[in-house]
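Asker: This is data-v8.pdb (PDB, C-alpha atoms).
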ATOM      1  CA  MET G   1     118.104-116.110-163.275
ATOM      2  CA  ARG G   2     114.694-114.587-162.642
ATOM      3  CA  ARG G   3     113.978-116.484-159.412
ATOM      4  CA  PRO G   4     117.066-115.207-157.551
ATOM      5  CA  VAL G   5     116.421-111.662-158.779
ATOM      6  CA  ALA G   6     112.808-111.747-157.594
ATOM      7  CA  ILE G   7     113.864-113.086-154.200
ATOM      8  CA  MET G   8     116.644-110.486-153.978
ATOM      9  CA  THR G   9     114.116-107.780-154.857
ATOM     10  CA  ALA G  10     111.879-108.986-152.048
ATOM     11  CA  LEU G  11     114.714-108.990-149.521
ATOM     12  CA  VAL G  12     115.803-105.481-150.516
ATOM     13  CA  LEU G  13     112.216-104.226-150.224
ATOM     14  CA  PHE G  14     111.882-105.825-146.772
ATOM     15  CA  GLY G  15     115.112-104.122-145.678
ATOM     16  CA  GLU G  16     113.936-100.829-147.119
ATOM     17  CA  ALA G  17     110.650-101.164-145.212
ATOM     18  CA  VAL G  18     112.548-101.517-141.942
ATOM     19  CA  GLY G  19     114.734 -98.540-142.837
ATOM     20  CA  ILE G  20     111.749 -96.324-143.705
ATOM     21  CA  VAL G  21     110.008 -97.172-140.433
ATOM     22  CA  LEU G  22     113.188 -96.420-138.453
ATOM     23  CA  ILE G  23     113.792 -93.124-140.243
ATOM     24  CA  ASN G  24     110.213 -92.024-139.625
ATOM     25  CA  ALA G  25     110.517 -93.073-135.978
ATOM     26  CA  VAL G  26     113.536 -90.813-135.599
ATOM     27  CA  LEU G  27     111.752 -87.961-137.388
ATOM     28  CA  ALA G  28     108.650 -88.396-135.200
ATOM     29  CA  THR G  29     110.767 -88.331-132.059
ATOM     30  CA  VAL G  30     112.602 -85.208-133.198
ATOM     31  CA  ALA G  31     109.326 -83.466-134.103
ATOM     32  CA  GLU G  32     107.900 -84.333-130.695
ATOM     33  CA  ASN G  33     111.018 -83.249-128.787
ATOM     34  CA  GLN G  34     111.337 -79.958-130.697
ATOM     35  CA  ASN G  35     107.948 -78.870-129.382
ATOM     36  CA  MET G  36     107.590 -76.417-132.260
ATOM     37  CA  SER G  37     104.607 -75.849-134.509
ATOM     38  CA  LEU G  38     104.710 -75.621-138.279
ATOM     39  CA  ALA G  39     102.126 -73.202-139.698
ATOM     40  CA  GLY G  40     100.022 -73.614-136.549
ATOM     41  CA  LEU G  41     100.133 -77.420-136.594
ATOM     42  CA  GLU G  42     100.568 -78.968-133.173
ATOM     43  CA  PRO G  43     103.790 -80.935-132.493
ATOM     44  CA  ASP G  44     101.727 -83.954-131.419
ATOM     45  CA  ALA G  45      99.902 -83.953-134.760
ATOM     46  CA  MET G  46     103.187 -83.712-136.651
ATOM     47  CA  SER G  47     104.629 -86.582-134.638
ATOM     48  CA  ALA G  48     101.529 -88.745-135.091
ATOM     49  CA  GLY G  49     101.470 -88.006-138.826
ATOM     50  CA  THR G  50     105.100 -89.017-139.156
ATOM     51  CA  TRP G  51     104.447 -92.291-137.325
ATOM     52  CA  VAL G  52     101.475 -93.030-139.586
ATOM     53  CA  MET G  53     103.479 -92.169-142.704
ATOM     54  CA  GLY G  54     106.282 -94.500-141.626
ATOM     55  CA  GLY G  55     103.878 -97.321-140.844
ATOM     56  CA  VAL G  56     101.935 -97.022-144.096
ATOM     57  CA  SER G  57     105.111 -96.729-146.177
ATOM     58  CA  GLY G  58     106.602 -99.744-144.430
ATOM     59  CA  LEU G  59     103.457-101.811-144.983
ATOM     60  CA  LEU G  60     103.353-100.917-148.682
ATOM     61  CA  LEU G  61     106.994-101.890-149.104
ATOM     62  CA  VAL G  62     106.349-105.186-147.312
ATOM     63  CA  LEU G  63     103.382-105.794-149.630
ATOM     64  CA  CYS G  64     105.579-105.167-152.685
ATOM     65  CA  GLY G  65     108.236-107.454-151.218
ATOM     66  CA  LEU G  66     105.692-110.213-150.605
ATOM     67  CA  ILE G  67     104.463-109.995-154.194
ATOM     68  CA  ALA G  68     108.022-110.297-155.496
ATOM     69  CA  LEU G  69     108.815-113.108-153.040
ATOM     70  CA  ILE G  70     105.745-115.122-154.016
ATOM     71  CA  ALA G  71     106.594-114.644-157.696
ATOM     72  CA  GLY G  72     110.126-115.858-157.018
ATOM     73  CA  ILE G  73     109.079-118.873-154.974
ATOM     74  CA  ARG G  74     106.374-119.983-157.408
ATOM     75  CA  ASP G  75     108.407-118.956-160.453
ATOM     76  CA  ARG G  76     105.271-117.493-161.980
ATOM     77  CA  ALA G  77     104.313-113.970-162.908
ATOM     78  CA  PRO G  78     102.277-112.034-160.361
ATOM     79  CA  GLY G  79      98.648-111.400-161.215
ATOM     80  CA  ARG G  80      97.274-108.199-162.658
ATOM     81  CA  VAL G  81      96.946-106.479-159.268
ATOM     82  CA  GLY G  82     100.413-107.637-158.242
ATOM     83  CA  ARG G  83     101.935-106.256-161.443
ATOM     84  CA  ILE G  84     100.151-102.935-160.909
ATOM     85  CA  VAL G  85     101.472-102.729-157.339
ATOM     86  CA  LEU G  86     105.036-103.490-158.478
ATOM     87  CA  ILE G  87     104.787-100.945-161.307
ATOM     88  CA  GLY G  88     103.574 -98.335-158.822
ATOM     89  CA  CYS G  89     106.465 -99.190-156.525
ATOM     90  CA  ALA G  90     108.913 -98.823-159.416
ATOM     91  CA  VAL G  91     107.470 -95.425-160.370
ATOM     92  CA  VAL G  92     107.700 -94.215-156.766
ATOM     93  CA  HIS G  93     111.334 -95.351-156.566
ATOM     94  CA  GLY G  94     112.143 -93.521-159.796
ATOM     95  CA  VAL G  95     110.580 -90.273-158.589
ATOM     96  CA  LEU G  96     112.103 -90.541-155.122
ATOM     97  CA  GLY G  97     115.481 -91.294-156.687
ATOM     98  CA  ALA G  98     115.297 -88.039-158.602
ATOM     99  CA  VAL G  99     114.376 -86.158-155.426
ATOM    100  CA  THR G 100     116.978 -87.799-153.190
ATOM    101  CA  VAL G 101     119.890 -86.906-155.431
ATOM    102  CA  GLY G 102     119.389 -83.253-154.515
ATOM    103  CA  LEU G 103     118.339 -83.678-150.905
ATOM    104  CA  VAL G 104     120.377 -86.613-149.630
ATOM    105  CA  GLY G 105     123.144 -87.290-152.130
ATOM    106  CA  TRP G 106     124.410 -89.646-154.769
ATOM    107  CA  ALA G 107     124.611 -92.699-152.505
ATOM    108  CA  ALA G 108     120.880 -92.559-151.779
ATOM    109  CA  PHE G 109     120.230 -91.989-155.480
ATOM    110  CA  ALA G 110     122.313 -95.050-156.361
ATOM    111  CA  PHE G 111     120.397 -97.178-153.839
ATOM    112  CA  MET G 112     117.054 -96.034-155.228
ATOM    113  CA  MET G 113     118.183 -96.807-158.759
ATOM    114  CA  VAL G 114     119.358-100.295-157.750
ATOM    115  CA  VAL G 115     115.942-100.992-156.230
ATOM    116  CA  LEU G 116     114.287 -99.572-159.351
ATOM    117  CA  ALA G 117     116.425-101.809-161.556
ATOM    118  CA  LEU G 118     115.545-104.879-159.464
ATOM    119  CA  LEU G 119     111.843-104.067-159.707
ATOM    120  CA  VAL G 120     111.981-103.496-163.456
ATOM    121  CA  PHE G 121     113.984-106.672-164.017
ATOM    122  CA  THR G 122     111.507-108.653-161.932
ATOM    123  CA  LEU G 123     108.594-107.219-163.889
ATOM    124  CA  LEU G 124     110.197-107.822-167.267
ATOM    125  CA  SER G 125     111.471-111.310-166.517
ATOM    126  CA  TYR G 126     108.019-112.467-165.460
ATOM    127  CA  GLY G 127     106.301-110.906-168.452
ATOM    128  CA  PRO G 128     104.472-112.966-171.033
ATOM    129  CA  ASP G 129     106.776-115.550-172.595
ATOM    130  CA  THR G 130     105.413-115.204-176.081
ATOM    131  CA  ARG G 131     103.459-112.460-177.672
ATOM    132  CA  PRO G 132     100.636-113.414-179.949
ATOM    133  CA  GLN G 133     101.731-112.846-183.492
ATOM    134  CA  ALA G 134      99.433-111.399-186.066
ATOM    135  CA  GLN G 135      97.884-114.200-188.015
ATOM    136  CA  ARG G 136      98.505-113.925-191.676
ATOM    137  CA  PRO G 137      96.634-115.928-194.210
ATOM    138  CA  GLU G 138      98.930-118.441-195.745
ATOM    139  CA  LEU G 139      99.651-117.951-199.388
ATOM    140  CA  THR G 140      98.867-121.019-201.364
ATOM    141  CA  PRO G 141      99.773-121.267-204.976
ATOM    142  CA  THR G 142      96.738-121.203-207.160
ATOM    143  CA  ALA G 143      96.487-123.135-210.352
ATOM    144  CA  PRO G 144      95.848-121.065-213.493
TER     145      PRO G 144
END
In structure tokens, what does this structure look like?
Answerer:
Amino acid sequence: MRRPVAIMTALVLFGEAVGIVLINAVLATVAENQNMSLAGLEPDAMSAGTWVMGGVSGLLLVLCGLIALIAGIRDRAPGRVGRIVLIGCAVVHGVLGAVTVGLVGWAAFAFMMVVLALLVFTLLSYGPDTRPQAQRPELTPTAP
């Protein structure tokens, strides 16, 4: 069950990366066409910043998707850095989910929570199989 979930997580993150880049492309175009400044900031700087934000966000989502995809293909847990990246991605999705419910609506919130659930399930399913148990000294009967 964990392999298909990890691969599904990767595919969803790849799709989300494309969506984020497209949304930022639209926002950059609108900022450039408005030709307005925000607190003295030039429209070209706002447009360039939006393009950079979209590109960096898309690359980070692709990185998270690749980590999940490699874990799914190999059927092994990601390394320490990979787990940290996926945990960071899960935290960002949780925070953005809370923000989007007020700004965008419940559908965007539901999508963010589905991605969060996929990330958490991927992380938990590839956790350590067994935890080391505390070693107790065995009680042996002593002769009186």
Asker: I'd like to know which of G:Ala6, G:Leu38, G:Val52, G:Val26 is closest to G:Leu86, using all atoms listed in the file.
Answerer: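 Nearest to G:Leu86: G:Ala6.
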Asker: For each of G:Val101, G:Ala117, G:Val56, G:Leu123, take the minimum atom-to-atom distance to G:Gly82, counting all atoms listed in the file, then give the residue where this is smallest.
Answerer: G:Leu123
Asker: Expand the PyMOL selection byres ((chain G and resi 71) around 12) into the explicit residue set it covers here, and present it as a PyMOL selection string.
Answerer: chain G and resi 2-10+64-70+72-79+82-83+86+119+122-123+125-127
Asker: Keeping only C-alpha atoms, write the selected residues to a file as a CSV table (one decimal), keeping the file's coordinate frame.
Answerer:
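Full text of out-v6.csv as output:
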chain,number,residue,atom,x,y,z
G,2,ARG,CA,114.7,-114.6,-162.6
G,3,ARG,CA,114.0,-116.5,-159.4
G,4,PRO,CA,117.1,-115.2,-157.6
G,5,VAL,CA,116.4,-111.7,-158.8
G,6,ALA,CA,112.8,-111.7,-157.6
G,7,ILE,CA,113.9,-113.1,-154.2
G,8,MET,CA,116.6,-110.5,-154.0
G,9,THR,CA,114.1,-107.8,-154.9
G,10,ALA,CA,111.9,-109.0,-152.0
G,64,CYS,CA,105.6,-105.2,-152.7
G,65,GLY,CA,108.2,-107.5,-151.2
G,66,LEU,CA,105.7,-110.2,-150.6
G,67,ILE,CA,104.5,-110.0,-154.2
G,68,ALA,CA,108.0,-110.3,-155.5
G,69,LEU,CA,108.8,-113.1,-153.0
G,70,ILE,CA,105.7,-115.1,-154.0
G,72,GLY,CA,110.1,-115.9,-157.0
G,73,ILE,CA,109.1,-118.9,-155.0
G,74,ARG,CA,106.4,-120.0,-157.4
G,75,ASP,CA,108.4,-119.0,-160.5
G,76,ARG,CA,105.3,-117.5,-162.0
G,77,ALA,CA,104.3,-114.0,-162.9
G,78,PRO,CA,102.3,-112.0,-160.4
G,79,GLY,CA,98.6,-111.4,-161.2
G,82,GLY,CA,100.4,-107.6,-158.2
G,83,ARG,CA,101.9,-106.3,-161.4
G,86,LEU,CA,105.0,-103.5,-158.5
G,119,LEU,CA,111.8,-104.1,-159.7
G,122,THR,CA,111.5,-108.7,-161.9
G,123,LEU,CA,108.6,-107.2,-163.9
G,125,SER,CA,111.5,-111.3,-166.5
G,126,TYR,CA,108.0,-112.5,-165.5
G,127,GLY,CA,106.3,-110.9,-168.5
Asker: When distances are computed from only C-alpha atoms, which of G:Asn33, G:Val115, G:Gly94, G:Asp44 shows the smallest separation from G:Phe14?
Answerer: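 Closest to G:Phe14 of all the choices is G:Val115.
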Asker: Run the PyMOL selection byres ((chain G and resi 113) around 12) on the file and write out the hits as a list in words.
Answerer: Ala90, Val91, Val92, His93, Gly94, Val95, Leu96, Gly97, Ala98, Val99, Thr100, Val101, Trp106, Ala107, Ala108, Phe109, Ala110, Phe111, Met112, Val114, Val115, Leu116, Ala117, Leu118, Leu119, Val120 and Phe121 of chain G
Asker: What would the file look like if the residues just selected were written as a JSON list (two decimals), in the coordinates of the input with C-alpha atoms?
Answerer:
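Once everything was written out, this is result05.json:
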[["chain", "number", "residue", "atom", "x", "y", "z"],
["G", 90, "ALA", "CA", 108.91, -98.82, -159.42],
["G", 91, "VAL", "CA", 107.47, -95.42, -160.37],
["G", 92, "VAL", "CA", 107.70, -94.22, -156.77],
["G", 93, "HIS", "CA", 111.33, -95.35, -156.57],
["G", 94, "GLY", "CA", 112.14, -93.52, -159.80],
["G", 95, "VAL", "CA", 110.58, -90.27, -158.59],
["G", 96, "LEU", "CA", 112.10, -90.54, -155.12],
["G", 97, "GLY", "CA", 115.48, -91.29, -156.69],
["G", 98, "ALA", "CA", 115.30, -88.04, -158.60],
["G", 99, "VAL", "CA", 114.38, -86.16, -155.43],
["G", 100, "THR", "CA", 116.98, -87.80, -153.19],
["G", 101, "VAL", "CA", 119.89, -86.91, -155.43],
["G", 106, "TRP", "CA", 124.41, -89.65, -154.77],
["G", 107, "ALA", "CA", 124.61, -92.70, -152.50],
["G", 108, "ALA", "CA", 120.88, -92.56, -151.78],
["G", 109, "PHE", "CA", 120.23, -91.99, -155.48],
["G", 110, "ALA", "CA", 122.31, -95.05, -156.36],
["G", 111, "PHE", "CA", 120.40, -97.18, -153.84],
["G", 112, "MET", "CA", 117.05, -96.03, -155.23],
["G", 114, "VAL", "CA", 119.36, -100.30, -157.75],
["G", 115, "VAL", "CA", 115.94, -100.99, -156.23],
["G", 116, "LEU", "CA", 114.29, -99.57, -159.35],
["G", 117, "ALA", "CA", 116.42, -101.81, -161.56],
["G", 118, "LEU", "CA", 115.54, -104.88, -159.46],
["G", 119, "LEU", "CA", 111.84, -104.07, -159.71],
["G", 120, "VAL", "CA", 111.98, -103.50, -163.46],
["G", 121, "PHE", "CA", 113.98, -106.67, -164.02]]
Asker: Can you work out the spacing between atom CA of G:Gly58 and atom CA of G:Thr29 in Å, to one decimal?
Answerer: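 Atom CA of G:Thr29 lies at a distance of 17.3 Å from atom CA of G:Gly58.
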Asker: Restricting the calculation to all atoms listed in the file, which member of G:Leu124, G:Val104, G:Ile20, G:Ile87 is positioned closest to G:Val62?
Answerer: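 Of G:Leu124, G:Val104, G:Ile20, G:Ile87, the one nearest G:Val62, counting all atoms listed in the file, is G:Ile20.
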Asker: Here is a test: counting all atoms listed in the file, which residue of G:Gly49, G:Gly105, G:Gly54, G:Gly40 is nearest to G:Ile23?
Answerer: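 The closest residue to G:Ile23 is G:Gly54.
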Asker: Quick one: pull the distance between atom CA of G:Ser37 and atom CA of G:Trp51, Å, one decimal.
Answerer: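 Between atom CA of G:Ser37 and atom CA of G:Trp51 the gap works out to 16.7 Å.
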Asker: Given 3 Å of margin on each side, can you work out the centre and size in Å (one decimal) of an axis-aligned box holding every listed atom of stretch 67-74 of chain G, as AutoDock Vina command-line options?
Answerer:
--center_x 107.3 --center_y -115.0 --center_z -155.4 --size_x 11.7 --size_y 16.0 --size_z 10.7
Asker: Kindly write all heavy atoms of stretch 49-62 of chain G from the structure just given to a file, as a PDB file, in the first residue's frame.
Answerer:
ATOM      1  N   GLY G  49       9.907  39.473  -9.374  1.00  0.00           N
ATOM      2  CA  GLY G  49       9.819  38.759  -8.103  1.00  0.00           C
ATOM      3  C   GLY G  49       8.773  37.661  -8.134  1.00  0.00           C
ATOM      4  O   GLY G  49       8.973  36.582  -7.558  1.00  0.00           O
ATOM      5  N   THR G  50       7.672  37.914  -8.805  1.00  0.00           N
ATOM      6  CA  THR G  50       6.629  36.897  -8.918  1.00  0.00           C
ATOM      7  C   THR G  50       7.097  35.728  -9.773  1.00  0.00           C
ATOM      8  O   THR G  50       6.815  34.568  -9.456  1.00  0.00           O
ATOM      9  CB  THR G  50       5.347  37.522  -9.502  1.00  0.00           C
ATOM     10  OG1 THR G  50       4.982  38.656  -8.712  1.00  0.00           O
ATOM     11  CG2 THR G  50       4.210  36.531  -9.498  1.00  0.00           C
ATOM     12  N   TRP G  51       7.819  36.015 -10.856  1.00  0.00           N
ATOM     13  CA  TRP G  51       8.371  34.939 -11.680  1.00  0.00           C
ATOM     14  C   TRP G  51       9.363  34.090 -10.878  1.00  0.00           C
ATOM     15  O   TRP G  51       9.339  32.852 -10.955  1.00  0.00           O
ATOM     16  CB  TRP G  51       9.082  35.500 -12.912  1.00  0.00           C
ATOM     17  CG  TRP G  51       8.177  35.801 -14.050  1.00  0.00           C
ATOM     18  CD1 TRP G  51       7.828  37.034 -14.524  1.00  0.00           C
ATOM     19  CD2 TRP G  51       7.490  34.859 -14.880  1.00  0.00           C
ATOM     20  NE1 TRP G  51       6.971  36.903 -15.581  1.00  0.00           N
ATOM     21  CE2 TRP G  51       6.749  35.577 -15.831  1.00  0.00           C
ATOM     22  CE3 TRP G  51       7.434  33.468 -14.914  1.00  0.00           C
ATOM     23  CZ2 TRP G  51       5.972  34.969 -16.794  1.00  0.00           C
ATOM     24  CZ3 TRP G  51       6.660  32.859 -15.875  1.00  0.00           C
ATOM     25  CH2 TRP G  51       5.937  33.608 -16.808  1.00  0.00           C
ATOM     26  N   VAL G  52      10.228  34.759 -10.120  1.00  0.00           N
ATOM     27  CA  VAL G  52      11.214  34.026  -9.320  1.00  0.00           C
ATOM     28  C   VAL G  52      10.522  33.179  -8.262  1.00  0.00           C
ATOM     29  O   VAL G  52      10.873  32.015  -8.040  1.00  0.00           O
ATOM     30  CB  VAL G  52      12.225  35.008  -8.686  1.00  0.00           C
ATOM     31  CG1 VAL G  52      13.094  34.313  -7.646  1.00  0.00           C
ATOM     32  CG2 VAL G  52      13.087  35.645  -9.757  1.00  0.00           C
ATOM     33  N   MET G  53       9.512  33.758  -7.610  1.00  0.00           N
ATOM     34  CA  MET G  53       8.775  33.014  -6.579  1.00  0.00           C
ATOM     35  C   MET G  53       8.100  31.777  -7.173  1.00  0.00           C
ATOM     36  O   MET G  53       8.128  30.702  -6.573  1.00  0.00           O
ATOM     37  CB  MET G  53       7.717  33.933  -5.952  1.00  0.00           C
ATOM     38  CG  MET G  53       6.822  33.265  -4.969  1.00  0.00           C
ATOM     39  SD  MET G  53       7.697  32.908  -3.474  1.00  0.00           S
ATOM     40  CE  MET G  53       6.348  32.464  -2.437  1.00  0.00           C
ATOM     41  N   GLY G  54       7.521  31.916  -8.344  1.00  0.00           N
ATOM     42  CA  GLY G  54       6.883  30.774  -9.000  1.00  0.00           C
ATOM     43  C   GLY G  54       7.895  29.702  -9.381  1.00  0.00           C
ATOM     44  O   GLY G  54       7.652  28.507  -9.195  1.00  0.00           O
ATOM     45  N   GLY G  55       9.043  30.137  -9.901  1.00  0.00           N
ATOM     46  CA  GLY G  55      10.067  29.177 -10.290  1.00  0.00           C
ATOM     47  C   GLY G  55      10.655  28.436  -9.103  1.00  0.00           C
ATOM     48  O   GLY G  55      10.820  27.206  -9.136  1.00  0.00           O
ATOM     49  N   VAL G  56      10.963  29.156  -8.034  1.00  0.00           N
ATOM     50  CA  VAL G  56      11.538  28.524  -6.848  1.00  0.00           C
ATOM     51  C   VAL G  56      10.520  27.587  -6.193  1.00  0.00           C
ATOM     52  O   VAL G  56      10.862  26.460  -5.800  1.00  0.00           O
ATOM     53  CB  VAL G  56      12.036  29.597  -5.852  1.00  0.00           C
ATOM     54  CG1 VAL G  56      12.393  28.986  -4.515  1.00  0.00           C
ATOM     55  CG2 VAL G  56      13.229  30.337  -6.435  1.00  0.00           C
ATOM     56  N   SER G  57       9.280  28.031  -6.085  1.00  0.00           N
ATOM     57  CA  SER G  57       8.242  27.178  -5.496  1.00  0.00           C
ATOM     58  C   SER G  57       8.037  25.915  -6.326  1.00  0.00           C
ATOM     59  O   SER G  57       7.898  24.810  -5.786  1.00  0.00           O
ATOM     60  CB  SER G  57       6.917  27.931  -5.380  1.00  0.00           C
ATOM     61  OG  SER G  57       7.061  29.042  -4.546  1.00  0.00           O
ATOM     62  N   GLY G  58       8.010  26.078  -7.635  1.00  0.00           N
ATOM     63  CA  GLY G  58       7.859  24.919  -8.517  1.00  0.00           C
ATOM     64  C   GLY G  58       9.014  23.947  -8.388  1.00  0.00           C
ATOM     65  O   GLY G  58       8.817  22.728  -8.330  1.00  0.00           O
ATOM     66  N   LEU G  59      10.247  24.465  -8.318  1.00  0.00           N
ATOM     67  CA  LEU G  59      11.408  23.596  -8.166  1.00  0.00           C
ATOM     68  C   LEU G  59      11.388  22.855  -6.827  1.00  0.00           C
ATOM     69  O   LEU G  59      11.734  21.669  -6.768  1.00  0.00           O
ATOM     70  CB  LEU G  59      12.697  24.406  -8.290  1.00  0.00           C
ATOM     71  CG  LEU G  59      13.075  24.835  -9.699  1.00  0.00           C
ATOM     72  CD1 LEU G  59      14.323  25.729  -9.667  1.00  0.00           C
ATOM     73  CD2 LEU G  59      13.325  23.633 -10.577  1.00  0.00           C
ATOM     74  N   LEU G  60      10.987  23.523  -5.767  1.00  0.00           N
ATOM     75  CA  LEU G  60      10.915  22.854  -4.465  1.00  0.00           C
ATOM     76  C   LEU G  60       9.852  21.760  -4.460  1.00  0.00           C
ATOM     77  O   LEU G  60      10.062  20.693  -3.883  1.00  0.00           O
ATOM     78  CB  LEU G  60      10.653  23.876  -3.360  1.00  0.00           C
ATOM     79  CG  LEU G  60      11.828  24.786  -3.026  1.00  0.00           C
ATOM     80  CD1 LEU G  60      11.418  25.852  -2.013  1.00  0.00           C
ATOM     81  CD2 LEU G  60      13.014  23.998  -2.522  1.00  0.00           C
ATOM     82  N   LEU G  61       8.724  22.012  -5.108  1.00  0.00           N
ATOM     83  CA  LEU G  61       7.695  20.985  -5.185  1.00  0.00           C
ATOM     84  C   LEU G  61       8.150  19.804  -6.043  1.00  0.00           C
ATOM     85  O   LEU G  61       7.849  18.645  -5.722  1.00  0.00           O
ATOM     86  CB  LEU G  61       6.383  21.571  -5.723  1.00  0.00           C
ATOM     87  CG  LEU G  61       5.620  22.446  -4.728  1.00  0.00           C
ATOM     88  CD1 LEU G  61       4.498  23.202  -5.437  1.00  0.00           C
ATOM     89  CD2 LEU G  61       5.075  21.604  -3.604  1.00  0.00           C
ATOM     90  N   VAL G  62       8.887  20.081  -7.102  1.00  0.00           N
ATOM     91  CA  VAL G  62       9.432  18.989  -7.921  1.00  0.00           C
ATOM     92  C   VAL G  62      10.447  18.195  -7.116  1.00  0.00           C
ATOM     93  O   VAL G  62      10.476  16.953  -7.190  1.00  0.00           O
ATOM     94  CB  VAL G  62      10.058  19.546  -9.230  1.00  0.00           C
ATOM     95  CG1 VAL G  62      10.908  18.506  -9.925  1.00  0.00           C
ATOM     96  CG2 VAL G  62       8.964  20.040 -10.156  1.00  0.00           C
TER      97      VAL G  62
END
